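> The structure is given below, and queries will be raised subsequently.
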Amino acid sequence: MRIELVKRPQHSRLFSALSPFIALALTLVAGAIMFSALGKNPADALYYYFVDPLRETWSLHELAVKAAPLILIAVGLSVCYLSNNWNIGAEGQFIIGAIAGSILPVVFPTFQSWIVLPLMLVMGMIGGAAYAAIPAWLKARFNTNEILTSLMLVYVAQLFLDWIVRGPWRNPEGMNFPETRTFHSYAILPEIWPESGRAHWGFVFALVAAVALWFVLSKTLRGFEVKVLGQSPRAGRFAGFSAGRMVFFAFVLSGALAGLAGISEVSGAIGQLRPVISPGYGFAAIIVAFLGRLNPLGIIAAGLVLALSYLGGEAAQISIGVSDKVVRAFQGILLFFVLACDTLIHYRIRFIGAATKTQEAAQNA
């Protein structure tokens, strides 16, 4: 007995449109069961997850702070996935972008000018793009599996960050704590509305990137090329599109946005480099990309939803005493249902037993 997924000749447009909402509803049901199994009141848990973080103005600012890197990374990943290039290493590109963008305020702290922040943002994008170009080159040159190479480079980036903040970049006036010197005022990303919260311009960057990529994907030849090569590489070759160039385009663009997210997070929300600068934004952005159906405008809404789960998870940890592992499990459940709903809308499950195998063998004879 084995199970096969058979592509449906036609799929329901209605269910395809409702898929993210169905996935979210199933996640709520599964989450309620999980909290009940942990001995927590499901209604209280879901309230702290999805309602409590929206009650105060400052918490809405925190929602924007957490949504900004998720949206920025996810819109870049959407280009990769639409072109059939599986970048799983955005977390590493996020970290390298943060490191590259921090060179000026950490290594040259006396260089203080209005141009420092723009240079930091550009250097962060270059760092993320250069790091993403490694798995792109390996795939284009040696046909290596980009899932493995991009994922392994995440751990290289994490260890490099840990080494650099404990070693050469450690703050000489920081009482031996593993962190860099605090960024000076010219290196801090400004807040949007300082009087009401700490949401910074990284959220604006995310919205602009999402709208710009929506326009590129839906209105330009480059967007058409992305979709054609993703759906049918053979048809793309007949049209004169280069799969190799698309690998580099998708990875470099995705890495640049992840790097921008990294330096925006460090200069806007943290103010220095530390051994850990991300709660897993690069991996969570994969959920955001698929929850938004790989549509940059849908990703904005999906990023806000997942950012809400981060805030709600923190509130639930404080209010009802669940661990951070429960928060991650809840996000994993969401990804599972997003992928499961999309899969079952486009494919049907077929069980193949011994009799079916015999019939197939007779037909092929």
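In the structure tokens, chains take letters A, B, ... by order of appearance, with residues numbered from 1 within each chain and ligands from 1 in the order shown.
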Name all residues at most 12 Å from Phe251 (chain A) (count only C-alpha atoms; drop same-chain ones fewer than 2 positions away) and give them as JSON, numbers by chain.
{"A": [73, 75, 76, 77, 78, 79, 80, 81, 82, 83, 84, 85, 86, 87, 88, 89, 90, 93, 128, 129, 130, 131, 132, 133, 134, 135, 136, 137, 138, 139, 140, 146, 147, 150, 244, 245, 246, 247, 248, 249, 253, 254, 255, 256, 257, 258, 259]}
> Could you give me, as a PyMOL selection string, the residues within 12 Å of Val327 (chain A), counting only C-alpha atoms and dropping anything in the same chain fewer than 2 positions from it?
chain A and resi 31+34-35+45-46+48-49+279-280+284+306-317+321-325+329-334
> I'd like the neighbourhood of Ile96 (chain A) as a count of residues only, where a residue qualifies if any of its atoms comes within 9 Å (using only C-alpha atoms), though same-chain residues fewer than 2 positions away should be ignored.
19
> In terms of the shortest atom-to-atom distance over only C-alpha atoms, which of A:Ile320, A:Asp162, A:Pro9, A:Glu4 is closest to Ile345 (chain A)?
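Ranked by minimum distance to Ile345 (chain A), first place goes to A:Pro9.
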> Quick one: of A:Ser196, A:Asn143, A:Ser113, A:Ser102, who's nearest to Glu56 (chain A), counting only C-alpha atoms?
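That would be A:Ser196, the residue with the smallest distance to Glu56 (chain A).
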> Would you please give, as a PyMOL selection string, all residues of region 168-354 of chain A that DSSP assigns to alpha helix (DSSP H) based on the backbone?
chain A and resi 202-219+221-231+233-238+243-265+281-291+296-319+324-346+354
> Which residue out of A:Val106, A:Ile300, A:Val154, A:Leu339 has the minimum interatomic distance to Gln272 (chain A) when only C-alpha atoms are used?
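Among the listed residues, A:Val106 lies closest to Gln272 (chain A).
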> My list of candidates is A:Leu117, A:Ala239, A:Ala301, A:Leu344. Which is closest to Ala64 (chain A) when distances are computed with only C-alpha atoms?
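Result for the nearest residue to Ala64 (chain A): A:Ala301.
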> Quick one: residues within 12 Å of Arg222 (chain A), only C-alpha atoms counted, chain neighbours fewer than 2 positions away excluded, as an MDAnalysis selection string?
chainID A and resid 79 83 213:220 224:229 236 241:242 245:246 249:250
> Could you save the residues just selected, with C-alpha atoms, as a PDB file, in the first residue's frame?

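Result file is part.pdb:
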ATOM      1  CA  VAL A  79      10.264  35.780  -6.020  1.00  0.00           C
ATOM      2  CA  SER A  83      10.772  31.043  -9.983  1.00  0.00           C
ATOM      3  CA  LEU A 213       7.547  43.726  -6.159  1.00  0.00           C
ATOM      4  CA  TRP A 214       3.803  43.327  -6.710  1.00  0.00           C
ATOM      5  CA  PHE A 215       4.127  45.771  -9.606  1.00  0.00           C
ATOM      6  CA  VAL A 216       7.192  43.966 -10.991  1.00  0.00           C
ATOM      7  CA  LEU A 217       5.584  40.526 -10.795  1.00  0.00           C
ATOM      8  CA  SER A 218       2.216  41.535 -12.213  1.00  0.00           C
ATOM      9  CA  LYS A 219       3.026  44.310 -14.692  1.00  0.00           C
ATOM     10  CA  THR A 220       6.508  43.749 -16.144  1.00  0.00           C
ATOM     11  CA  PHE A 224       6.339  37.237 -16.451  1.00  0.00           C
ATOM     12  CA  GLU A 225       9.770  35.616 -16.793  1.00  0.00           C
ATOM     13  CA  VAL A 226       9.778  34.685 -13.099  1.00  0.00           C
ATOM     14  CA  LYS A 227       6.407  32.948 -13.373  1.00  0.00           C
ATOM     15  CA  VAL A 228       7.109  31.182 -16.676  1.00  0.00           C
ATOM     16  CA  LEU A 229      10.440  29.744 -15.517  1.00  0.00           C
ATOM     17  CA  GLY A 236      10.876  29.485 -20.547  1.00  0.00           C
ATOM     18  CA  PHE A 241      14.613  33.151 -20.847  1.00  0.00           C
ATOM     19  CA  SER A 242      17.766  32.062 -18.993  1.00  0.00           C
ATOM     20  CA  ARG A 245      20.319  34.215 -14.761  1.00  0.00           C
ATOM     21  CA  MET A 246      16.995  33.771 -12.997  1.00  0.00           C
ATOM     22  CA  PHE A 249      18.260  37.338  -9.904  1.00  0.00           C
ATOM     23  CA  ALA A 250      15.939  35.587  -7.461  1.00  0.00           C
TER      24      ALA A 250
END
> Rank nothing, just name the residue among A:Gly230, A:Pro109, A:Pro42, A:Pro69 nearest to Ala209 (chain A), using only C-alpha atoms.
A:Pro69
> For Val116 (chain A), which of A:Tyr155, A:Tyr47, A:Phe203, A:Tyr186 is the closest residue, counting only C-alpha atoms?
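When distances to Val116 (chain A) are compared using only C-alpha atoms, the smallest one comes from A:Tyr186.
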> To one decimal in Å, tell me the separation between CA of Leu294 (chain A) and CA of Leu260 (chain A).
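If I compute the distance from CA of Leu294 (chain A) to CA of Leu260 (chain A), I get 19.6 Å.
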> Have a look at CA of Glu191 (chain A) and CA of Gly268 (chain A) and let me know their distance in Å, one decimal.
7.6 Å
